[in-house]
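Working notes, structure below.
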Amino acid sequence: MIPLVPVTREDRIDRNDLSGVREDLPRIYLAMLRARVLEDKLSSLYKAGKIVGGVYLGRGHEAVSGSLASYLHRGIDIFAPLIRDQAGRTAFGESLMDVTRTYLGSVEGPMKGRDGNIHRGRPQEGMPAMISHLGSSVALVAGMLMARRMQGRLEGVVGATSLGDGATSTGAFHEGLNTAAVEKLPMVVLVVNNQFAYSTGNDRQFACADLVDRARGYGVAGHKVQGNDLIAVAETMKKAVSAARDGGGPQLVVADLLRLCGHGEHDDASYVPAEMRASGLARDCMQVAEGQLIDAGVFSRSQLDEMRAQAVAEVQSAVAQTQQESAPHPHHDDWRTMYHGELEE
Amino acid sequence: MIPLVPVTREDRIDRNDLSGVREDLPRIYLAMLRARVLEDKLSSLYKAGKIVGGVYLGRGHEAVSGSLASYLHRGIDIFAPLIRDQAGRTAFGESLMDVTRTYLGSVEGPMKGRDGNIHRGRPQEGMPAMISHLGSSVALVAGMLMARRMQGRLEGVVGATSLGDGATSTGAFHEGLNTAAVEKLPMVVLVVNNQFAYSTGNDRQFACADLVDRARGYGVAGHKVQGNDLIAVAETMKKAVSAARDGGGPQLVVADLLRLCGHGEHDDASYVPAEMRASGLARDCMQVAEGQLIDAGVFSRSQLDEMRAQAVAEVQSAVAQTQQESAPHPHHDDWRTMYHGELEE
Amino acid sequence: MDFSYIDAIHAALNDSLRDDDRVFLYGQDIGKFGGAFKATKGLQDLYPGRVLDAPISEDAMAGVAMGAALEGMRPVLEMQFADFSTIALNQIVNHAATHFYRTGVPVPMTVRLPSGGTPGSGPFHSQSLEAIYASFPGLVVVTPATVADAYQMLVESIQLEDPVIFCEHKFLYRWLKSSTLQGDGLPIGKARITRAGKHATVVTYSAMVHEAVRAAEMLYDEGGWEIEVVDLRSIKPIDTDTVIASVARTGRLLAVGEAFPWGGVTAEIVSRVAADAFHLLDAPPARLNARDTPIPYHPKLWADHRPTPQTIAASLRNLLKY
Amino acid sequence: MDFSYIDAIHAALNDSLRDDDRVFLYGQDIGKFGGAFKATKGLQDLYPGRVLDAPISEDAMAGVAMGAALEGMRPVLEMQFADFSTIALNQIVNHAATHFYRTGVPVPMTVRLPSGGTPGSGPFHSQSLEAIYASFPGLVVVTPATVADAYQMLVESIQLEDPVIFCEHKFLYRWLKSSTLQGDGLPIGKARITRAGKHATVVTYSAMVHEAVRAAEMLYDEGGWEIEVVDLRSIKPIDTDTVIASVARTGRLLAVGEAFPWGGVTAEIVSRVAADAFHLLDAPPARLNARDTPIPYHPKLWADHRPTPQTIAASLRNLLKY
Ligand SMILES: Cc1ncc(C[n+]2csc(CCOP(=O)(O)OP(=O)(O)O)c2C)c(N)n1
Ligand SMILES: Cc1ncc(C[n+]2csc(CCOP(=O)(O)OP(=O)(O)O)c2C)c(N)n1
Ligand SMILES: [Mg+2]
Ligand SMILES: [Mg+2]
């Protein structure tokens, strides 16, 4: 029997010592900010009828998602984002144009209009393109890492993916995480408990006291963090990613926060109870982060304002450029479904 | 958040006090014995070429399976057996003829030759007919109990099912147990860790220290027992079934033992390491039980011999009778696949 | 007052809950929230304890429904999208669908699959999986195309003892309206002549019925062609008699479907007609399906992926020319 | 020395592991134990670290294979029985099969499905699911009927960049033998005329090829009928040209399959021929499939459930009478 990796809990971290993550915070915050600004724009484009099919935002998830991916290295590591991972995608190096092109259906985008919104990726650059079926990415990342092990290039590599509280109820999550544990893969599985799966609260989703209690049952390390506290989150992600990188096997990180938007932009989230909206969980990670950064002397308010203005300008210009690009055209698309076109029906 | 039901461990139980289960032991042992004798016969029938398709025995599982079902009441409770649950089936009241008819393909059997071997049941009497796909029974039993709750007849009812170490890796197990936990159903989920799933050992199946560590992650009570120790097993099952019946929600019972046969009778289990065969896990629960029963003065050796002789005679006569019955005939079978035959294609 | 197709589904659920204590609803977000498409809006308040939110566990959802059905209930499962029912396939096709055959005990459960494409929904929220389910023995698969059928066939499905896959088309949800929920009372298993004609028969179902009618109108305007449109209503069982009677009148068959082109309903229709009514055919029986690619996200690609009145009309012109 | 069909699969796996470092095997009990059917016997010792036992997690197994394929490996997945692949359906049809279309990045993985009936195997260890997979865009689905095809098509499948569903027939595993693994070199996508004839064409695949040949022999003995038997070899893509060329010679078509009768390969064949070669048909194109019930356990029921030389011959007699 394999010795159990202990479950660590680190809800409370000593705030006087930022040294562990101080140098990482600017990078993380920048990814968070860019994601927030970008998604605000996506929301207005959706409301203006410029985006079809739905817009699903990561508002409130920026600290967790951005921190996780900030500790990953594009070209080396793997990051399989899910619905609310714009900050992580940005931190991992996804270009702004990949986002606007996919949302606005430009044929120049990585999905060429064949797929849209969050269903995009650059699998050859370590960022798989999610499918809708929740939980599917866990085994996928496990397989990517197993391949690297067989190829002798697993050394120093981490594979990460993220899911929601609702996605933990899928068989795919269970089978995938168990497989990763059996293979002792350098993997970080981030579960963001944003209290809801669409409209469904935790009480109809699971019955354990805390999702991090699942770690022990898989024989993986568990980490718990309040997801809107940037410093705590950064420290936790740094620790989890390093533990995975250093041979500690899969790391299950559970972050609590509140989704600060509807499930999609069509949803007003009126089912979120007032008490929850008034609770500490509802604090916006952006504001918390800005307070922390200013307090710690990392940035001044005016620097933050400047960064934001620049992010806004970048997004505006990406959208403007994308809007001039062509939509896909059925006669120009080759409709190829397989590499071996000749084997298509 | 729902308060966590504590995980109890009861590997060690005080043997001097049998009072809790003393009166149950004869009934349990009788079911174990009948199952063992019946399965020995099935094995020889298979080896003689009288049974097609395979024979999968519960040798070594009799104490756990028989004990669990001995605490259930047919007509009130639900028992969804899996591969190695002959003792439980017998304890739940399955008739010998149901078994021999199904194995020998008599048209008089409950499956009429349409399905065979372990894939049999009497769903209307609380014993569903398993399908092969592992894990499927967990959600099924949950749904049966939810129905009874809606019908106002859940009071005092328990639903139980059993699975192997391998089946815990299925998404179905996870989704089913989580659903049962969310619904706080009076359910006992028995996981028999017989060290192997077909040929695959625990080290390639899961990475947790013990499968009972999963209980906490589902928010259900956990129980652990050595599966070849009848008294410990009986006490554990009694406790788990009562806890479920008394509103304690789902109970996960993990029993360790060694499968004392091949996966099926075609398999010589040569992959089981010698050390394991020599370990305490390999002790036959029948022998342990007989020792315990004699020591405690429940039965004498001669009584046990008599019981066995009677079980052998019963099995002989059931087999003899079954062998005189007709096989199904394609022209006599109505091939009806749906209740509304007129909606069939 | 007008009823939309989704109103009809809502009404069927409401009336079934009202009239039969055995009915309950189970699915993701169907409780207080009323479901992703509002098919169950307000029903949890009206029928407390009988409209239950499920975890994101499609396999367990189907297992739960089956278990409840065995115990005398009439579960109606909502899959959030048909596409997610692949996760539940095992419980549906191996557990529920085989049960009557194996044990003689029926499994009266209904699985609602919000099916079919809408612009921008992409590869994972647009699929039409009716043929997958129809391939397995033991299931009834219904595919209503009208508001009244959506109502009546759902009520009827819930009352059947056998497991029913109820494929409701998302494109019709809000677009299709009717002044009444009362239909012509055709039972499940019977097709309907939606539009009578004499020059060719289009056999189709679900949303494509409306596209076929449009194509028929185009051809009538164009050259007075009278195209008969047969709405299968259920694709398992298929009402082969009505299909063949139509082909007997017209001598020409085009089978149209929105699903992927390999196999499926149109192949089943064409091969039945070719086998059983060969002598009635004046021209080769034709098929029109979606393309054999995942369903594209972009509305411009999507519109070219599935049959449209234009492409149906084009296929009919070829057929009429023969 | 004779090679059985399972020997051919074993040899193909062995040779692929030997010749291509990117190949690895993943599946339940395939390591030291060599797999439920011994297809991988001894391979873990020969190729350490490249023959891995999987937990009972079909969904994750397929996800793992896909991930590994994206990273440049050539995974070969063994499902213990085809029937259990329903659990992996989502990862296969939604994740792997859509990937090239969505991203332009191919997914070279092979999924071996031990398929088809054997006496006493019952409803859950006997299914033929090839048509389910063929219905979804993005997959190649192969169904070898001969020892040499089992060898060559598996080697070829592993080398393809696209996901392949490799349906190997359990009934043929030990019964079918050949003195060589070398075949005629036909590539995937090409059908074979297994037996030439001129009075009628039987189009079939996998184990049914042998039953069809037996039926053809019966009819020859009976009345000198010369029945052409076409072995499709892959059911996606289907070699429609070879099928139609055969029908051009014989004027009569019977499509035979062991799978459930609704939809599927036989419907696809008949409807293609009816659409594209209507004028070549001298008689209604016919189909013969298994019954539309779960696959029965008892050998006497099972033998009546699937097509046999006798029932194929009976269908052919009807066809020849027309
Ligand atoms: C298997 C599956 N079932 C259902 C859905 C539909 N669906 C999409 S997102 C969602 C809620 C997800 O909740 P959670 O996992 O908590 O993530 P969050 O949206 O809160 O970030 C649901 C039910 C799906 N995508 N996949
Ligand atoms: C979903 C699924 N995958 C594979 C199988 C094939 N199979 C049948 S029994 C078995 C091993 C089961 O092991 P375990 O759950 O430990 O039960 P045990 O046989 O040891 O009692 C396997 C792999 C199956 N029945 N279902
Ligand atoms: Mg959530
Ligand atoms: Mg086991």
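Identifiers in this document derive from the order of the structure tokens: chains are assigned A, B, ..., residues are numbered from 1 separately in each chain, and ligands are numbered from 1 in order of occurrence.
The chain A residues that come within 7 Å of chain D are Pro110, Met111, Arg114, Asp115, Ile131, Ser136, Ala139, Leu140, Val141, Ala142, Gly143, Met144, Met146, Ala147, Ala172, Glu175, Gly176, Thr179, Arg336, Thr337, Met338, Tyr339, His340, Leu343, Glu344 and Glu345 of chain A, with only C-alpha atoms taken into account.
Where the distance criterion is 7 Å and the atoms used are only C-alpha atoms and all ligand atoms, the residues close to ligand 1 are Ile83, Arg84, Ser132, His133, Leu134, Leu163, Gly164, Asp165, Gly166, Ala167, Thr168, Thr170, Val192, Asn193, Asn194, Phe196, Ala197, Tyr198, Arg259 and His263 of chain A; Gln28, Ile56, Ser57, Glu58, Gln80, Phe84 and Ile87 of chain C.
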Could you save the residues just selected, with N, CA, C and O atoms, as a tab-separated table (two decimals), in the first residue's frame?
chain	number	residue	atom	x	y	z
A	83	ILE	N	-14.18	26.39	-17.95
A	83	ILE	CA	-15.07	27.52	-18.26
A	83	ILE	C	-14.51	28.87	-17.82
A	83	ILE	O	-14.53	29.84	-18.57
A	84	ARG	N	-14.04	28.95	-16.57
A	84	ARG	CA	-13.81	30.28	-15.98
A	84	ARG	C	-12.32	30.57	-15.80
A	84	ARG	O	-11.90	31.11	-14.79
A	132	SER	N	-17.24	20.52	-23.86
A	132	SER	CA	-18.22	20.91	-22.85
A	132	SER	C	-18.38	19.89	-21.74
A	132	SER	O	-18.62	20.25	-20.59
A	133	HIS	N	-18.28	18.65	-22.10
A	133	HIS	CA	-18.54	17.58	-21.14
A	133	HIS	C	-17.59	17.69	-19.96
A	133	HIS	O	-16.38	17.44	-20.09
A	134	LEU	N	-18.13	18.06	-18.81
A	134	LEU	CA	-17.30	18.39	-17.66
A	134	LEU	C	-16.51	17.18	-17.17
A	134	LEU	O	-17.00	16.05	-17.18
A	163	LEU	N	-11.48	22.68	-12.54
A	163	LEU	CA	-12.89	22.29	-12.65
A	163	LEU	C	-13.68	23.00	-11.56
A	163	LEU	O	-13.10	23.54	-10.62
A	164	GLY	N	-14.99	22.90	-11.67
A	164	GLY	CA	-15.85	23.51	-10.67
A	164	GLY	C	-16.37	22.50	-9.66
A	164	GLY	O	-16.18	21.29	-9.81
A	165	ASP	N	-17.04	23.03	-8.65
A	165	ASP	CA	-17.68	22.17	-7.65
A	165	ASP	C	-18.63	21.19	-8.33
A	165	ASP	O	-18.70	20.02	-7.96
A	166	GLY	N	-19.36	21.65	-9.33
A	166	GLY	CA	-20.31	20.77	-10.00
A	166	GLY	C	-19.60	19.66	-10.75
A	166	GLY	O	-20.05	18.50	-10.74
A	167	ALA	N	-18.50	19.98	-11.37
A	167	ALA	CA	-17.79	18.98	-12.17
A	167	ALA	C	-17.21	17.86	-11.32
A	167	ALA	O	-16.90	16.78	-11.84
A	168	THR	N	-17.09	18.09	-10.01
A	168	THR	CA	-16.57	17.00	-9.16
A	168	THR	C	-17.58	15.84	-9.08
A	168	THR	O	-17.21	14.75	-8.66
A	170	THR	N	-18.91	14.43	-11.61
A	170	THR	CA	-18.86	13.59	-12.81
A	170	THR	C	-17.99	12.36	-12.59
A	170	THR	O	-16.97	12.41	-11.89
A	192	VAL	N	-12.45	24.74	-8.18
A	192	VAL	CA	-12.93	26.02	-7.70
A	192	VAL	C	-14.37	25.86	-7.25
A	192	VAL	O	-15.27	25.66	-8.07
A	193	ASN	N	-14.54	25.89	-5.95
A	193	ASN	CA	-15.89	25.81	-5.42
A	193	ASN	C	-16.45	27.23	-5.35
A	193	ASN	O	-16.25	27.96	-4.39
A	194	ASN	N	-17.17	27.58	-6.42
A	194	ASN	CA	-17.78	28.92	-6.46
A	194	ASN	C	-19.22	28.86	-5.99
A	194	ASN	O	-20.02	29.71	-6.33
A	196	PHE	N	-21.79	27.37	-6.69
A	196	PHE	CA	-22.89	27.01	-7.59
A	196	PHE	C	-22.37	26.26	-8.81
A	196	PHE	O	-21.28	26.52	-9.30
A	197	ALA	N	-23.20	25.38	-9.26
A	197	ALA	CA	-23.02	24.78	-10.59
A	197	ALA	C	-24.26	25.25	-11.33
A	197	ALA	O	-25.37	24.82	-11.01
A	198	TYR	N	-24.05	26.16	-12.26
A	198	TYR	CA	-25.19	26.88	-12.84
A	198	TYR	C	-26.02	27.40	-11.68
A	198	TYR	O	-25.51	28.24	-10.91
A	259	ARG	N	-18.92	32.96	-7.45
A	259	ARG	CA	-18.96	33.40	-8.84
A	259	ARG	C	-19.60	34.79	-8.85
A	259	ARG	O	-20.71	34.95	-8.33
A	263	HIS	N	-24.17	32.33	-14.46
A	263	HIS	CA	-23.51	31.16	-15.07
A	263	HIS	C	-22.98	31.56	-16.44
A	263	HIS	O	-21.81	31.33	-16.77
C	28	GLN	N	-30.60	18.39	-13.79
C	28	GLN	CA	-29.76	19.49	-13.32
C	28	GLN	C	-30.47	20.83	-13.44
C	28	GLN	O	-30.98	21.18	-14.51
C	56	ILE	N	-24.20	16.87	-11.16
C	56	ILE	CA	-23.77	16.71	-12.56
C	56	ILE	C	-23.26	15.29	-12.74
C	56	ILE	O	-22.06	15.02	-12.79
C	57	SER	N	-24.19	14.38	-12.79
C	57	SER	CA	-23.91	12.95	-12.77
C	57	SER	C	-24.92	12.26	-13.67
C	57	SER	O	-25.85	11.60	-13.20
C	58	GLU	N	-24.73	12.40	-14.97
C	58	GLU	CA	-25.72	11.86	-15.90
C	58	GLU	C	-25.89	10.35	-15.77
C	58	GLU	O	-27.00	9.83	-15.90
C	80	GLN	N	-29.52	18.11	-19.57
C	80	GLN	CA	-29.47	19.55	-19.85
C	80	GLN	C	-29.36	19.79	-21.36
C	80	GLN	O	-29.99	20.69	-21.89
C	84	PHE	N	-25.11	15.58	-23.54
C	84	PHE	CA	-24.55	15.07	-22.28
C	84	PHE	C	-25.08	13.68	-21.95
C	84	PHE	O	-24.59	13.03	-21.03
C	87	ILE	N	-22.97	10.38	-21.53
C	87	ILE	CA	-22.44	9.95	-20.23
C	87	ILE	C	-23.36	8.91	-19.59
C	87	ILE	O	-22.92	8.07	-18.81
DSSP helix (DSSP H, G or I) residues within stretch 70-249 of chain D, as number ranges by chain: D: 70, 82-103, 130-134, 147-159, 172-175, 208-223, 240-249
Please report as a VMD selection string which residues of chain B come no farther than 10 Å from chain A, using only C-alpha atoms. chain B and resid 1 to 5 168 to 184 202 to 220
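DSSP, applied to the backbone of this structure, assigns strand (DSSP E or B) to the following residues of stretch 238-339 of chain A: Gln251, Leu252, Val253, Val254, Ala255 and Asp256 of chain A.
Of the listed residues B:Gly58, B:Gly109, B:Pro328, B:Pro186, the one whose atoms come nearest to ligand 2 is B:Gly58, with distances taken using only C-alpha atoms and all ligand atoms.
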Exercise: A:Arg22 partners within 9 Å, only C-alpha atoms, chain neighbours under 4 positions left out, as a PyMOL selection string: chain A and resi 17-18+26+231+296+298
Taking only C-alpha atoms into account, produce a table as JSON lines in which each residue of chain D with an atom at most 6 Å from an atom of chain C appears once, together with its shortest atom pair and the distance in Å to one decimal, ordered by chain and rising number.
{"residue": "D:Thr86", "atom": "CA", "partner": "C:Asn90", "partner_atom": "CA", "distance": 5.8}
{"residue": "D:Asn90", "atom": "CA", "partner": "C:Thr86", "partner_atom": "CA", "distance": 5.7}
{"residue": "D:Ser135", "atom": "CA", "partner": "C:Trp262", "partner_atom": "CA", "distance": 5.0}
{"residue": "D:Pro137", "atom": "CA", "partner": "C:Thr293", "partner_atom": "CA", "distance": 5.0}
{"residue": "D:Trp262", "atom": "CA", "partner": "C:Ser135", "partner_atom": "CA", "distance": 5.0}
{"residue": "D:Gly263", "atom": "CA", "partner": "C:Glu268", "partner_atom": "CA", "distance": 5.1}
{"residue": "D:Gly264", "atom": "CA", "partner": "C:Gly263", "partner_atom": "CA", "distance": 5.4}
{"residue": "D:Ala267", "atom": "CA", "partner": "C:Ala267", "partner_atom": "CA", "distance": 5.2}
{"residue": "D:Glu268", "atom": "CA", "partner": "C:Gly263", "partner_atom": "CA", "distance": 5.0}
{"residue": "D:Val270", "atom": "CA", "partner": "C:Ser271", "partner_atom": "CA", "distance": 5.4}
{"residue": "D:Ser271", "atom": "CA", "partner": "C:Ser271", "partner_atom": "CA", "distance": 5.0}
{"residue": "D:Ala274", "atom": "CA", "partner": "C:Pro284", "partner_atom": "CA", "distance": 5.9}
{"residue": "D:Ala275", "atom": "CA", "partner": "C:Pro284", "partner_atom": "CA", "distance": 4.9}
{"residue": "D:Phe278", "atom": "CA", "partner": "C:Pro284", "partner_atom": "CA", "distance": 5.3}
{"residue": "D:Pro284", "atom": "CA", "partner": "C:Ala275", "partner_atom": "CA", "distance": 4.9}
{"residue": "D:Pro285", "atom": "CA", "partner": "C:Ala275", "partner_atom": "CA", "distance": 5.3}
{"residue": "D:Ala286", "atom": "CA", "partner": "C:Ala275", "partner_atom": "CA", "distance": 5.4}
{"residue": "D:Asp292", "atom": "CA", "partner": "C:Pro137", "partner_atom": "CA", "distance": 5.2}
{"residue": "D:Thr293", "atom": "CA", "partner": "C:Pro137", "partner_atom": "CA", "distance": 5.0}
Excluding stretch 103-106 of chain B and residues on its chain fewer than 6 positions from it, collect all residues at most 6 Å away from it, counting only C-alpha atoms, and give them as an MDAnalysis selection string. chainID B and resid 51 113 116:117 325:327
Residues within 9 Å of A:Leu38, only C-alpha atoms, excluding chain neighbours under 3 positions, as a VMD selection string: chain A and resid 33 to 35 41 to 43 86 96 99 to 100 311 to 312 314 to 316
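Each of D:Met79, D:Ile92, D:Ala248, D:Ala314 was checked against ligand 2 using only C-alpha atoms and all ligand atoms; the smallest atom-to-atom distance is that of D:Met79.
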So which residues touch B:Ala243 within 12 Å, counting only C-alpha atoms, skipping near sequence neighbours fewer than 2 positions away, as a VMD selection string? chain B and resid 5 8 71 156 to 158 184 to 188 220 to 223 236 to 241 245 to 253
Neighbouring residues of D:Asn14 were defined as those with any atom within 12 Å, considering only C-alpha atoms; residues of the same chain fewer than 3 positions away were excluded. Please report them as a count of residues only. 29
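Proximity to ligand 2 was assessed for B:Gly291, B:Gly20, B:Gly135, B:Gly297 counting only C-alpha atoms and all ligand atoms; the smallest distance is recorded for B:Gly135.
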For ligand 2, the nearest of the candidates B:Gly66, B:Gly264, B:Gly75, B:Gly49, counting only C-alpha atoms and all ligand atoms: B:Gly264
